[in-house]
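Engineer: Got a structure for you, entry13.txt, holding compact mmCIF, C-alpha atoms.
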```
# COMPACT_ATOMS: atom_id res chain seq x y z
CA MET A 1 129.93 113.43 169.69
CA ARG A 2 131.01 111.40 166.66
CA TRP A 3 127.47 110.51 165.61
CA VAL A 4 126.56 114.20 165.34
CA ARG A 5 129.62 114.80 163.20
CA ARG A 6 128.61 111.90 160.93
CA VAL A 7 125.09 113.31 160.65
CA VAL A 8 126.40 116.72 159.67
CA MET A 9 128.67 115.19 157.02
CA TRP A 10 125.73 113.39 155.43
CA MET A 11 123.73 116.60 155.50
CA ALA A 12 126.45 118.45 153.68
CA TRP A 13 126.73 115.83 150.95
CA CYS A 14 123.04 115.94 150.25
CA ALA A 15 123.13 119.75 150.38
CA ALA A 16 125.26 119.71 147.26
CA VAL A 17 122.49 117.84 145.45
CA THR A 18 119.86 120.46 146.10
CA ALA A 19 122.25 123.36 145.60
CA ALA A 20 123.05 122.10 142.12
CA ILE A 21 119.38 121.43 141.36
CA ASN A 22 118.54 124.94 142.52
CA LEU A 23 120.77 126.26 139.75
CA LEU A 24 119.39 124.07 136.99
CA LEU A 25 115.70 123.38 137.52
CA VAL A 26 114.29 126.70 136.43
CA VAL A 27 112.31 127.39 133.30
CA ARG A 28 114.01 129.88 131.04
CA VAL A 29 112.99 131.42 127.74
CA PRO A 30 115.53 130.36 125.10
CA PRO A 31 116.72 132.68 122.34
CA ALA A 32 114.89 132.75 119.03
CA SER A 33 117.52 130.53 117.44
CA SER A 34 116.89 127.79 119.98
CA PRO A 35 114.87 124.75 118.94
CA LEU A 36 112.72 125.43 122.04
CA HIS A 37 111.71 128.94 121.02
CA HIS A 38 108.09 128.08 121.85
CA HIS A 39 108.79 128.02 125.56
CA HIS A 40 105.36 126.70 126.56
CA ARG A 41 106.23 123.34 125.06
CA THR A 42 106.21 120.55 127.65
CA LEU A 43 109.16 118.19 127.47
CA SER A 44 108.69 114.49 128.07
CA PRO A 45 109.55 113.37 131.63
CA SER A 46 111.63 110.60 130.10
CA THR A 47 113.90 113.01 128.24
CA VAL A 48 117.54 112.15 128.96
CA PRO A 49 119.99 114.95 129.83
CA SER A 50 121.76 116.05 126.69
CA ASN A 51 125.09 117.83 126.41
CA ASP A 52 124.95 118.84 122.76
CA PRO A 53 128.47 118.73 121.29
CA VAL A 54 127.32 120.89 118.41
CA GLY A 55 126.78 123.80 120.77
CA ASN A 56 123.08 123.76 121.67
CA LYS A 57 122.74 126.30 124.50
CA VAL A 58 119.80 124.52 126.11
CA TYR A 59 120.37 121.77 128.64
CA LEU A 60 117.34 119.48 128.42
CA GLN A 61 116.01 117.50 131.33
CA GLY A 62 112.49 116.27 131.88
CA GLU A 63 110.00 119.11 132.19
CA VAL A 64 112.60 121.82 132.65
CA TYR A 65 115.73 123.12 131.04
CA ALA A 66 118.43 125.66 131.75
CA ILE A 67 120.20 127.88 129.25
CA ARG A 68 123.96 127.79 129.19
CA ASP A 69 124.88 131.00 127.40
CA SER A 70 128.66 130.79 127.54
CA GLU A 71 131.18 128.56 125.81
CA TYR A 72 132.79 127.94 129.21
CA HIS A 73 129.61 126.50 130.65
CA ARG A 74 129.06 124.25 127.63
CA ARG A 75 132.61 122.89 127.83
CA ASN A 76 132.41 122.27 131.57
CA GLN A 77 128.91 120.83 132.03
CA ARG A 78 130.31 117.33 132.44
CA ASN A 79 132.50 118.56 135.28
CA CYS A 80 129.53 119.95 137.21
CA SER A 81 128.61 117.51 139.98
CA GLY A 82 125.04 118.81 140.04
CA LEU A 83 124.50 117.80 136.42
CA GLN A 84 125.86 114.33 137.09
CA MET A 85 123.40 113.87 139.95
CA LEU A 86 120.41 114.94 137.87
CA ASN A 87 120.37 111.62 136.01
CA ALA A 88 119.81 109.75 139.27
CA LEU A 89 117.24 112.27 140.48
CA TYR A 90 115.10 111.90 137.39
CA THR A 91 115.02 108.13 137.61
CA HIS A 92 113.21 108.58 140.94
CA LEU A 93 110.76 111.22 139.75
CA PRO A 94 108.11 108.94 138.12
CA ALA A 95 107.78 106.82 141.28
CA VAL A 96 107.58 109.94 143.45
CA ARG A 97 104.86 111.37 141.19
CA ALA A 98 102.87 108.15 141.47
CA GLN A 99 103.29 107.94 145.25
CA TYR A 100 102.32 111.56 145.96
CA LYS A 101 99.63 112.21 143.37
CA SER A 102 96.85 113.21 145.77
CA PRO A 103 96.70 115.89 148.49
CA SER A 104 96.98 114.77 152.09
CA SER A 105 93.76 114.56 154.07
CA TYR A 106 95.55 116.30 156.95
CA LEU A 107 96.29 119.46 154.97
CA THR A 108 92.88 121.04 155.52
CA ASP A 109 93.44 121.45 159.26
CA LEU A 110 96.79 123.19 158.71
CA VAL A 111 95.36 125.60 156.14
CA ASN A 112 92.32 126.39 158.27
CA ASN A 113 94.51 127.20 161.27
CA LEU A 114 96.80 129.46 159.24
CA LYS A 115 93.86 131.17 157.53
CA ARG A 116 92.16 131.75 160.88
CA ASP A 117 95.22 133.71 162.02
CA ILE A 118 94.93 135.94 158.93
CA THR A 119 91.20 136.56 158.91
CA ARG A 120 90.58 137.07 162.64
CA ARG A 121 90.47 140.77 163.58
CA ARG A 122 90.33 142.94 166.72
CA VAL A 123 92.62 140.63 168.66
CA THR A 124 95.04 143.41 169.63
CA GLY A 125 94.89 147.16 169.90
CA ASP A 126 98.64 147.50 169.28
CA PRO A 127 99.68 145.37 166.30
CA TRP A 128 103.22 146.80 166.20
CA ASP A 129 103.92 145.79 169.77
CA LEU A 130 102.50 142.32 169.15
CA ALA A 131 104.76 141.80 166.13
CA ARG A 132 107.80 142.97 168.12
CA LYS A 133 107.02 140.49 170.90
CA TRP A 134 106.70 137.66 168.39
CA ALA A 135 110.11 138.21 166.80
CA LYS A 136 112.83 135.92 168.18
CA PRO A 137 116.16 134.64 166.83
CA ARG A 138 114.56 131.37 165.69
CA SER A 139 111.04 132.52 164.85
CA LEU A 140 109.52 135.76 163.57
CA VAL A 141 105.93 134.52 163.82
CA PRO A 142 104.63 131.79 166.16
CA ASP A 143 102.91 128.68 164.81
CA SER A 144 99.63 129.94 166.26
CA ALA A 145 99.63 133.67 165.55
CA ARG A 146 96.45 135.19 167.01
CA GLY A 147 96.53 138.82 165.93
CA LEU A 148 98.36 138.25 162.64
CA GLY A 149 95.32 139.54 160.78
CA ASP A 150 95.53 142.81 162.76
CA VAL A 151 99.24 143.21 161.96
CA LEU A 152 98.77 142.58 158.23
CA ALA A 153 95.75 144.90 158.14
CA ALA A 154 97.76 147.65 159.83
CA LEU A 155 100.61 147.22 157.35
CA SER A 156 98.19 147.58 154.45
CA THR A 157 96.24 150.58 155.78
CA ALA A 158 98.20 152.55 158.40
CA PRO A 159 99.05 156.13 157.30
CA ILE A 160 102.58 156.62 155.98
CA ILE A 161 104.17 159.42 158.01
CA ALA A 162 107.69 159.39 156.52
CA ALA A 163 109.48 157.98 153.46
CA ASP A 164 113.18 157.80 152.61
CA VAL A 165 115.54 156.00 150.25
CA GLY A 166 115.79 152.30 150.97
CA TYR A 167 118.50 150.59 152.95
CA LYS A 168 121.72 149.63 151.22
CA GLY A 169 121.30 147.24 148.30
CA THR A 170 120.99 146.80 144.55
CA GLN A 171 117.20 147.05 144.19
CA LEU A 172 114.72 149.92 144.37
CA LYS A 173 112.89 150.10 147.67
CA VAL A 174 111.49 152.80 149.94
CA ALA A 175 112.01 152.90 153.70
CA ILE A 176 108.78 154.11 155.29
CA MET A 177 107.50 154.92 158.76
CA LEU A 178 103.90 154.02 159.54
CA LYS A 179 101.68 155.74 162.08
CA GLY A 180 102.53 154.39 165.51
CA GLY A 181 106.27 154.43 164.83
CA GLN A 182 106.57 151.17 162.90
CA LYS A 183 109.33 150.95 160.28
CA ALA A 184 108.64 149.05 157.07
CA VAL A 185 109.87 148.68 153.49
CA PHE A 186 107.86 149.33 150.34
CA LYS A 187 108.85 147.31 147.26
CA PRO A 188 107.09 148.54 144.11
CA LYS A 189 105.55 146.49 141.34
CA TRP A 190 107.82 146.07 138.31
CA TYR A 191 106.13 143.40 136.21
CA PRO A 192 102.67 142.13 135.30
CA ARG A 193 101.72 138.92 137.10
CA ASP A 194 102.37 136.72 134.05
CA GLU A 195 105.67 138.32 133.00
CA VAL A 196 108.43 135.83 132.11
CA ILE A 197 111.90 137.06 133.01
CA GLU A 198 114.61 136.01 130.59
CA GLY A 199 118.22 135.35 131.52
CA GLU A 200 119.83 133.78 134.56
CA VAL A 201 117.86 132.55 137.57
CA TYR A 202 118.78 135.76 139.40
CA ALA A 203 117.87 138.07 136.51
CA GLY A 204 115.43 140.98 136.74
CA ALA A 205 114.20 143.24 139.51
CA ASP A 206 112.63 142.07 142.75
CA ARG A 207 109.10 140.72 142.30
CA HIS A 208 106.98 142.42 144.92
CA ASN A 209 104.32 139.69 144.87
CA GLY A 210 107.04 137.12 145.51
CA GLU A 211 107.60 138.64 148.95
CA ILE A 212 103.96 138.03 149.87
CA ALA A 213 103.95 134.49 148.53
CA ALA A 214 107.23 133.78 150.34
CA PHE A 215 105.80 134.86 153.70
CA HIS A 216 102.78 132.56 153.45
CA LEU A 217 104.85 129.73 151.98
CA SER A 218 107.22 129.96 154.92
CA ARG A 219 104.35 129.39 157.34
CA LEU A 220 103.08 126.44 155.31
CA LEU A 221 106.54 124.89 155.40
CA GLY A 222 107.09 125.61 159.09
CA PHE A 223 110.00 127.99 158.38
CA PRO A 224 108.80 131.07 160.33
CA MET A 225 111.76 133.28 159.42
CA VAL A 226 110.32 135.37 156.55
CA PRO A 227 109.35 138.93 157.58
CA LEU A 228 105.64 139.74 157.48
CA ALA A 229 104.58 141.04 154.06
CA VAL A 230 101.31 142.24 152.60
CA GLY A 231 100.19 143.88 149.37
CA ARG A 232 99.29 147.56 149.27
CA SER A 233 98.53 150.15 146.60
CA VAL A 234 99.80 153.61 147.47
CA SER A 235 99.36 157.05 145.96
CA LEU A 236 102.81 158.42 145.15
CA LYS A 237 101.36 161.91 144.92
CA ARG A 238 99.37 161.91 148.16
CA GLN A 239 101.00 159.31 150.41
CA ILE A 240 104.72 159.16 149.52
CA LEU A 241 105.93 162.42 147.98
CA PRO A 242 104.50 164.77 150.67
CA VAL A 243 106.41 162.89 153.41
CA ALA A 244 109.50 161.96 151.36
CA SER A 245 113.02 162.99 152.33
CA ARG A 246 114.81 165.42 150.03
CA LYS A 247 117.02 162.63 148.72
CA LEU A 248 114.03 160.47 147.77
CA ALA A 249 111.90 163.36 146.48
CA ALA A 250 114.72 164.38 144.11
CA THR A 251 114.16 161.14 142.15
CA PHE A 252 110.47 161.84 141.39
CA PHE A 253 109.37 163.14 137.98
CA LEU A 254 106.31 163.31 135.72
CA ARG A 255 105.92 161.40 132.47
CA ARG A 256 103.63 162.29 129.63
CA GLY A 257 100.04 161.66 130.52
CA GLY A 258 100.56 162.77 134.10
CA ARG A 259 102.00 159.54 135.47
CA LEU A 260 104.21 160.12 138.50
CA CYS A 261 107.46 158.13 138.54
CA PHE A 262 110.53 157.70 140.74
CA TYR A 263 113.76 155.73 140.71
CA GLY A 264 115.11 156.05 144.24
CA VAL A 265 118.70 155.50 145.31
CA CYS A 266 120.42 152.12 145.01
CA TYR A 267 123.18 150.38 143.05
CA TYR A 268 121.02 149.83 139.95
CA CYS A 269 118.71 152.81 140.42
CA HIS A 270 118.63 155.40 137.63
CA LYS A 271 116.03 157.39 135.74
CA ASP A 272 115.91 154.98 132.80
CA SER A 273 114.70 152.20 135.10
CA SER A 274 112.05 154.05 137.08
CA VAL A 275 108.65 152.79 138.21
CA CYS A 276 105.45 154.77 137.65
CA ASP A 277 101.95 154.84 139.02
CA ASN A 278 98.92 154.11 136.83
CA GLY A 279 97.74 157.69 137.12
CA ARG A 280 96.37 157.11 140.62
CA THR A 281 98.29 154.48 142.59
CA LEU A 282 101.30 152.18 142.47
CA GLU A 283 100.95 148.59 143.64
CA GLY A 284 103.63 147.13 145.85
CA THR A 285 104.40 145.13 148.96
CA ILE A 286 104.89 146.39 152.51
CA ILE A 287 107.42 144.37 154.52
CA LEU A 288 107.62 144.73 158.29
CA TRP A 289 110.97 145.90 159.65
CA LEU A 290 112.47 143.69 162.35
CA PRO A 291 112.78 145.03 165.92
CA GLN A 292 115.93 146.93 166.82
CA ARG A 293 116.79 144.32 169.45
CA LEU A 294 117.39 141.81 166.63
CA PRO A 295 120.31 143.32 164.68
CA LEU A 296 121.12 141.33 161.56
CA MET A 297 124.42 140.06 160.26
CA HIS A 298 125.04 139.03 156.63
CA LEU A 299 127.41 136.15 155.95
CA PRO A 300 128.71 134.72 152.64
CA HIS A 301 126.62 131.77 151.50
CA PRO A 302 128.75 128.63 150.99
CA TRP A 303 126.69 127.68 147.91
CA ALA A 304 126.48 131.07 146.22
CA HIS A 305 126.81 131.64 142.47
CA THR A 306 129.87 133.35 141.01
CA TYR A 307 127.69 135.74 138.95
CA LYS A 308 130.25 135.30 136.16
CA ARG A 309 129.40 133.59 132.91
CA THR A 310 132.97 132.39 132.52
CA LYS A 311 133.39 130.86 135.96
CA LEU A 312 131.64 128.09 137.86
CA ALA A 313 131.41 128.13 141.66
CA GLN A 314 133.52 125.66 143.64
CA TRP A 315 130.45 123.69 144.69
CA GLU A 316 129.54 123.19 141.02
CA GLU A 317 132.90 121.63 140.15
CA ASN A 318 134.25 120.01 143.31
CA GLU A 319 132.37 116.94 144.56
CA ASN A 320 134.28 117.18 147.87
CA TYR A 321 133.34 120.81 148.45
CA CYS A 322 130.91 119.92 151.27
CA GLU A 323 133.72 118.31 153.22
CA ARG A 324 135.69 121.54 153.01
CA VAL A 325 132.75 123.58 154.31
CA LEU A 326 132.53 121.35 157.37
CA HIS A 327 136.01 122.41 158.48
CA HIS A 328 134.91 126.03 158.98
CA PRO A 329 132.80 127.54 161.77
CA PRO A 330 129.94 127.48 162.50
CA PHE A 331 129.49 124.32 160.43
CA ASN A 332 132.19 122.43 162.35
CA SER A 333 130.31 122.74 165.63
CA ASP A 334 128.16 119.85 166.87
CA LYS A 335 125.92 122.37 168.67
CA SER A 336 125.17 124.71 165.76
CA PRO A 337 121.93 124.23 163.78
CA ARG A 338 123.27 126.46 161.00
CA LEU A 339 123.80 123.76 158.39
CA LEU A 340 120.35 122.28 158.92
CA ASP A 341 118.92 125.80 158.62
CA LEU A 342 120.72 126.26 155.31
CA MET A 343 119.24 122.96 154.13
CA ASP A 344 115.75 124.25 154.89
CA THR A 345 116.67 127.50 153.17
CA ALA A 346 117.77 125.65 150.03
CA VAL A 347 114.42 123.84 149.84
CA PHE A 348 112.62 127.15 150.32
CA ASP A 349 114.76 128.91 147.68
CA PHE A 350 114.23 126.10 145.18
CA LEU A 351 110.46 126.29 145.62
CA ILE A 352 110.40 130.06 145.03
CA GLN A 353 113.23 129.86 142.45
CA ASN A 354 115.45 132.29 144.31
CA GLY A 355 118.92 131.85 142.83
CA ASP A 356 120.29 135.06 144.32
CA ARG A 357 121.01 134.23 147.96
CA HIS A 358 124.70 135.11 147.74
CA HIS A 359 124.68 135.87 151.48
CA TYR A 360 122.57 134.49 154.28
CA THR A 361 121.26 136.51 157.21
CA VAL A 362 121.22 135.69 160.91
CA VAL A 363 120.67 137.61 164.13
CA SER A 364 123.97 139.04 165.40
CA ASP A 365 125.52 137.51 168.53
CA GLU A 366 122.99 134.65 168.50
CA PRO A 367 124.82 131.40 167.63
CA SER A 368 121.53 129.47 167.48
CA SER A 369 119.76 132.04 165.28
CA SER A 370 117.82 130.66 162.33
CA VAL A 371 118.57 131.99 158.88
CA VAL A 372 116.39 135.06 158.31
CA LEU A 373 114.94 134.68 154.81
CA LEU A 374 115.22 138.18 153.36
CA ASP A 375 114.72 139.21 149.70
CA ASN A 376 112.67 136.16 148.56
CA GLY A 377 117.95 118.63 149.23
CA LYS A 378 120.36 117.11 151.60
CA ARG A 379 120.54 115.65 155.01
CA LEU A 380 117.27 117.15 155.99
CA ARG A 381 115.20 117.63 159.11
CA GLN A 382 112.59 114.89 159.48
CA THR A 383 109.98 117.60 160.12
CA THR A 384 110.81 119.33 156.82
CA TYR A 385 110.46 116.08 154.89
CA GLU A 386 107.11 115.34 156.54
CA ARG A 387 105.84 118.83 155.75
CA LEU A 388 106.84 118.43 152.08
CA ILE A 389 104.87 115.17 151.93
CA LEU A 390 101.90 116.96 153.51
CA LEU A 391 102.08 119.61 150.77
CA SER A 392 102.58 117.18 147.86
CA GLY A 393 99.96 115.93 145.41
CA GLY A 394 98.88 119.44 144.47
CA GLY A 395 98.37 120.38 148.09
CA LEU A 396 100.88 123.24 148.11
CA SER A 397 99.21 125.19 145.30
CA ARG A 398 95.76 124.75 146.82
CA ALA A 399 96.90 125.74 150.30
CA LEU A 400 98.90 128.75 149.15
CA GLN A 401 96.10 129.96 146.89
CA GLU A 402 93.70 129.84 149.82
CA LEU A 403 96.01 131.91 152.02
CA LEU A 404 96.91 134.41 149.30
CA ALA A 405 93.22 134.98 148.57
CA GLN A 406 93.11 137.04 151.79
CA ASP A 407 95.72 139.56 150.53
CA PRO A 408 94.62 143.06 149.38
CA ILE A 409 96.29 142.66 145.94
CA PHE A 410 94.90 139.18 145.21
CA PRO A 411 95.52 137.38 142.87
CA VAL A 412 99.13 137.37 144.07
CA LEU A 413 100.25 134.45 141.86
CA THR A 414 99.01 133.12 138.53
CA LYS A 415 97.96 129.50 138.03
CA PRO A 416 101.26 128.60 136.26
CA HIS A 417 103.17 129.95 139.28
CA LEU A 418 101.14 127.77 141.63
CA LEU A 419 101.45 124.63 139.50
CA ALA A 420 105.20 125.17 139.26
CA LEU A 421 105.39 125.03 143.07
CA ASP A 422 103.67 121.63 143.01
CA ARG A 423 106.19 120.32 140.47
CA ARG A 424 109.12 121.58 142.55
CA VAL A 425 107.88 119.80 145.67
CA LEU A 426 108.11 116.54 143.72
CA HIS A 427 111.62 117.40 142.54
CA VAL A 428 112.76 117.90 146.14
CA LEU A 429 111.15 114.60 147.19
CA ALA A 430 112.83 112.87 144.24
CA ALA A 431 116.19 114.31 145.31
CA LEU A 432 115.66 112.95 148.82
CA SER A 433 114.63 109.57 147.43
CA MET A 434 117.87 109.51 145.46
CA CYS A 435 119.82 110.34 148.63
CA LYS A 436 118.09 107.50 150.48
CA GLU A 437 119.03 104.99 147.80
CA GLN A 438 122.62 106.15 147.49
CA ARG A 439 123.18 106.41 151.24
CA GLY A 440 121.53 103.20 152.38
CA GLY A 441 118.23 104.28 153.91
CA TRP A 442 116.27 107.13 155.42
CA HIS A 443 118.24 106.91 158.67
CA ASN A 444 121.22 108.32 156.72
CA VAL A 445 119.18 111.10 155.10
CA LEU A 446 116.72 112.46 157.67
CA TYR A 447 117.67 113.97 161.00
```
Produce structure tokens that represent the structure in this file.
Structural biologist:
Amino acid sequence: MRWVRRVVMWMAWCAAVTAAINLLLVVRVPPASSPLHHHHRTLSPSTVPSNDPVGNKVYLQGEVYAIRDSEYHRRNQRNCSGLQMLNALYTHLPAVRAQYKSPSSYLTDLVNNLKRDITRRRVTGDPWDLARKWAKPRSLVPDSARGLGDVLAALSTAPIIAADVGYKGTQLKVAIMLKGGQKAVFKPKWYPRDEVIEGEVYAGADRHNGEIAAFHLSRLLGFPMVPLAVGRSVSLKRQILPVASRKLAATFFLRRGGRLCFYGVCYYCHKDSSVCDNGRTLEGTIILWLPQRLPLMHLPHPWAHTYKRTKLAQWEENENYCERVLHHPPFNSDKSPRLLDLMDTAVFDFLIQNGDRHHYTVVSDEPSSSVVLLDNGKRLRQTTYERLILLSGGGLSRALQELLAQDPIFPVLTKPHLLALDRRVLHVLAALSMCKEQRGGWHNVLY
């Protein structure tokens, strides 16, 4: 099927565009010596990309900029294909802003349907069984999810009957068992809502509220592969410590003033980086564990970062990298949706500014499995493009705010967070507009 092969090749080329943008379009706080020390300053949309030969560590572009902290990165910016493409992307941004400046009149129906799923109660007497039945290799939650409100309510209120150290990883988390035998994960609050994290795009600890926002964003986008997540405040003293395993309990200690703290067991876990309650409770997010019949497999992401300041990834330097990816399974199969799924994932990650997806997750032994979006442009699906248009013009922030207002720890996101999502939707649409122009029409960009 030569036409399928040609489609996949176009998808891969455009994937490089968004992968590079995902690295660069993230607001960062520059060092005090930077001319942009006042990081709330808004740069002119007409600003031209600037590689400062004098050694300025800030790469300027439109409304956003990215810090390049190493001499290697400054010397090699011109060799980064993503940076070269940004010029073309930003020429399309003003027209995209003008075209999609108002919310779609069709958005209200979508939001009302999604909100109805959240607010409706007493649909099921066994929320855990309902959630297990929903979970499939290509969808964790159906489009119409009657009973979702019962599942989220149970996650936020069901008694915790056991707690243990989290599953393998670098971040602090607690594996818990809820009454009724449902496994879940508790991710604690690390930062205030308006905290700005300095450093690389993958810097800092997991943001618990990001997990909640990611779940509802995934439903708005039509990517139903984010595990169910809801906010919950727990008492470490009364709800966690009494049912904790010995290994977890050994990491608990008291600070002055009677605050109870713990640091768990993980790669970066140690006493100096513990989290503490406020004297009564600790806010966090409860994430539903997937059913045992859906075992997960983690695979290296083709567009991962190197995590080294002195080394760029192959996709950052090699404009033909996408062609190389297409020679390896499962991307070389006409029947596999994997590459299209990764394209959707890249849009999702750009919107939430997740630069840390070094691996992607699928259901084991399921070749058609969607990418499971854990720990939360291109040739793109036509449906994804249409959904982005539906959410443009400020529609995404309004829709997400309405859904997040139903969460127990509302407000989940601050206004700057929400407005940033609206800006990123336009950046994705501008990237697709650039692809259309460079590739001779939408028929060569959308699938």
Engineer: Got a sec: who's within 7 Å of A:Ser102, counting only C-alpha atoms, leaving out chain neighbours fewer than 2 positions off, as a PyMOL selection string?
Structural biologist: chain A and resi 100+104+393-394
Engineer: Please save C-alpha atoms of the selected residues as a compact mmCIF listing (two decimals), in the coordinates of the input.
Structural biologist:
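This is the output file result01.txt:
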```txt
# COMPACT_ATOMS: atom_id res chain seq x y z
CA TYR A 100 102.32 111.56 145.96
CA SER A 104 96.98 114.77 152.09
CA GLY A 393 99.96 115.93 145.41
CA GLY A 394 98.88 119.44 144.47
```
Engineer: When you draw a straight line from atom CA of A:Thr361 to atom CA of A:Arg232, how long is it in Å?
Structural biologist: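 Between atom CA of A:Thr361 and atom CA of A:Arg232 the gap is 25.8 Å.
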Engineer: In Å, rounded to a single decimal, give me how far atom CA of A:Ala229 is from atom CA of A:Leu107.
Structural biologist: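 Interatomic distance here is 23.1 Å.
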Engineer: So which one's closest to A:Asp365, A:Phe252, A:Pro137, A:Phe223, A:Thr157? Using all atoms listed in the file, please.
Structural biologist: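 Distance minimum relative to A:Asp365 lands on A:Pro137.
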Engineer: Tell me which protein, DNA and RNA residues are within 6 Å of stretch 422-433 of chain A, counting all atoms listed in the file, leaving out same-chain ones fewer than 2 positions away, and put them as a list in words.
Structural biologist: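 Result of the neighbour search: Leu89, His92, Leu93, Leu351, Gly394, Leu419, Ala420, Cys435 and Lys436 of chain A.
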Engineer: Would you mind reading off the distance between atom CA of A:Ala145 and atom CA of A:Tyr106, one decimal, in Å?
Structural biologist: 19.8 Å
Engineer: Show me, as a PDB file with C-alpha atoms, in the coordinates of the input, the residues that have an atom within 9 Å of A:Ala184 when counting all atoms listed in the file, minus same-chain residues fewer than 3 positions from it.
Structural biologist:
```pdb
ATOM      1  CA  LEU A 155     100.610 147.220 157.350  1.00  0.00           C
ATOM      2  CA  VAL A 174     111.490 152.800 149.940  1.00  0.00           C
ATOM      3  CA  ALA A 175     112.010 152.900 153.700  1.00  0.00           C
ATOM      4  CA  ILE A 176     108.780 154.110 155.290  1.00  0.00           C
ATOM      5  CA  MET A 177     107.500 154.920 158.760  1.00  0.00           C
ATOM      6  CA  LEU A 178     103.900 154.020 159.540  1.00  0.00           C
ATOM      7  CA  ILE A 286     104.890 146.390 152.510  1.00  0.00           C
ATOM      8  CA  ILE A 287     107.420 144.370 154.520  1.00  0.00           C
ATOM      9  CA  LEU A 288     107.620 144.730 158.290  1.00  0.00           C
ATOM     10  CA  TRP A 289     110.970 145.900 159.650  1.00  0.00           C
ATOM     11  CA  LEU A 290     112.470 143.690 162.350  1.00  0.00           C
TER      12      LEU A 290
END
```
Engineer: Name all residues at most 10 Å from stretch 257-261 of chain A (count all atoms listed in the file; drop same-chain ones fewer than 6 positions away) and give them as number ranges by chain.
Structural biologist: A: 235-237, 241, 251, 271, 273-282
Engineer: Excluding stretch 395-397 of chain A and its own-chain neighbours fewer than 4 positions away, which residues fall within 7 Å of it when counting all atoms listed in the file? Please give them as a PyMOL selection string.
Structural biologist: chain A and resi 103+391+401+418-419+421-422
Engineer: Identify which of the residues A:Ile160, A:Trp303, A:Gly231, A:Met225 lies closest to A:Tyr321, counting all atoms listed in the file when measuring atom-to-atom distances.
Structural biologist: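 Among A:Ile160, A:Trp303, A:Gly231, A:Met225, it is A:Trp303 that comes nearest to A:Tyr321.
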Engineer: Is there a way to complete stretch 346-356 of chain A with N, CA, C and O atoms and then write that out as an mmCIF file, in the coordinates of the input?
Structural biologist:
```
data_model
loop_
_atom_site.group_PDB
_atom_site.id
_atom_site.type_symbol
_atom_site.label_atom_id
_atom_site.label_comp_id
_atom_site.auth_asym_id
_atom_site.auth_seq_id
_atom_site.Cartn_x
_atom_site.Cartn_y
_atom_site.Cartn_z
ATOM 1 N N ALA A 346 117.600 126.079 151.414
ATOM 2 C CA ALA A 346 117.770 125.650 150.030
ATOM 3 C C ALA A 346 116.474 125.086 149.465
ATOM 4 O O ALA A 346 116.134 125.331 148.303
ATOM 5 N N VAL A 347 115.723 124.330 150.273
ATOM 6 C CA VAL A 347 114.420 123.840 149.840
ATOM 7 C C VAL A 347 113.494 125.015 149.548
ATOM 8 O O VAL A 347 112.817 125.079 148.519
ATOM 9 N N PHE A 348 113.463 125.961 150.475
ATOM 10 C CA PHE A 348 112.620 127.150 150.320
ATOM 11 C C PHE A 348 113.003 127.917 149.049
ATOM 12 O O PHE A 348 112.139 128.297 148.245
ATOM 13 N N ASP A 349 114.309 128.153 148.847
ATOM 14 C CA ASP A 349 114.760 128.910 147.680
ATOM 15 C C ASP A 349 114.454 128.177 146.378
ATOM 16 O O ASP A 349 114.145 128.797 145.356
ATOM 17 N N PHE A 350 114.561 126.839 146.387
ATOM 18 C CA PHE A 350 114.230 126.100 145.180
ATOM 19 C C PHE A 350 112.752 126.234 144.848
ATOM 20 O O PHE A 350 112.370 126.413 143.696
ATOM 21 N N LEU A 351 111.894 126.171 145.858
ATOM 22 C CA LEU A 351 110.460 126.290 145.620
ATOM 23 C C LEU A 351 110.092 127.646 145.048
ATOM 24 O O LEU A 351 109.239 127.747 144.168
ATOM 25 N N ILE A 352 110.722 128.721 145.536
ATOM 26 C CA ILE A 352 110.400 130.060 145.030
ATOM 27 C C ILE A 352 111.314 130.464 143.881
ATOM 28 O O ILE A 352 111.176 131.561 143.342
ATOM 29 N N GLN A 353 112.270 129.589 143.518
ATOM 30 C CA GLN A 353 113.230 129.860 142.450
ATOM 31 C C GLN A 353 114.057 131.109 142.725
ATOM 32 O O GLN A 353 114.247 131.967 141.860
ATOM 33 N N ASN A 354 114.540 131.211 143.943
ATOM 34 C CA ASN A 354 115.450 132.290 144.310
ATOM 35 C C ASN A 354 116.877 131.797 144.137
ATOM 36 O O ASN A 354 117.373 131.007 144.932
ATOM 37 N N GLY A 355 117.541 132.250 143.080
ATOM 38 C CA GLY A 355 118.920 131.850 142.830
ATOM 39 C C GLY A 355 119.906 132.933 143.205
ATOM 40 O O GLY A 355 121.042 132.933 142.733
ATOM 41 N N ASP A 356 119.470 133.869 144.055
ATOM 42 C CA ASP A 356 120.290 135.060 144.320
ATOM 43 C C ASP A 356 120.657 135.207 145.786
ATOM 44 O O ASP A 356 120.934 136.297 146.243
#
```
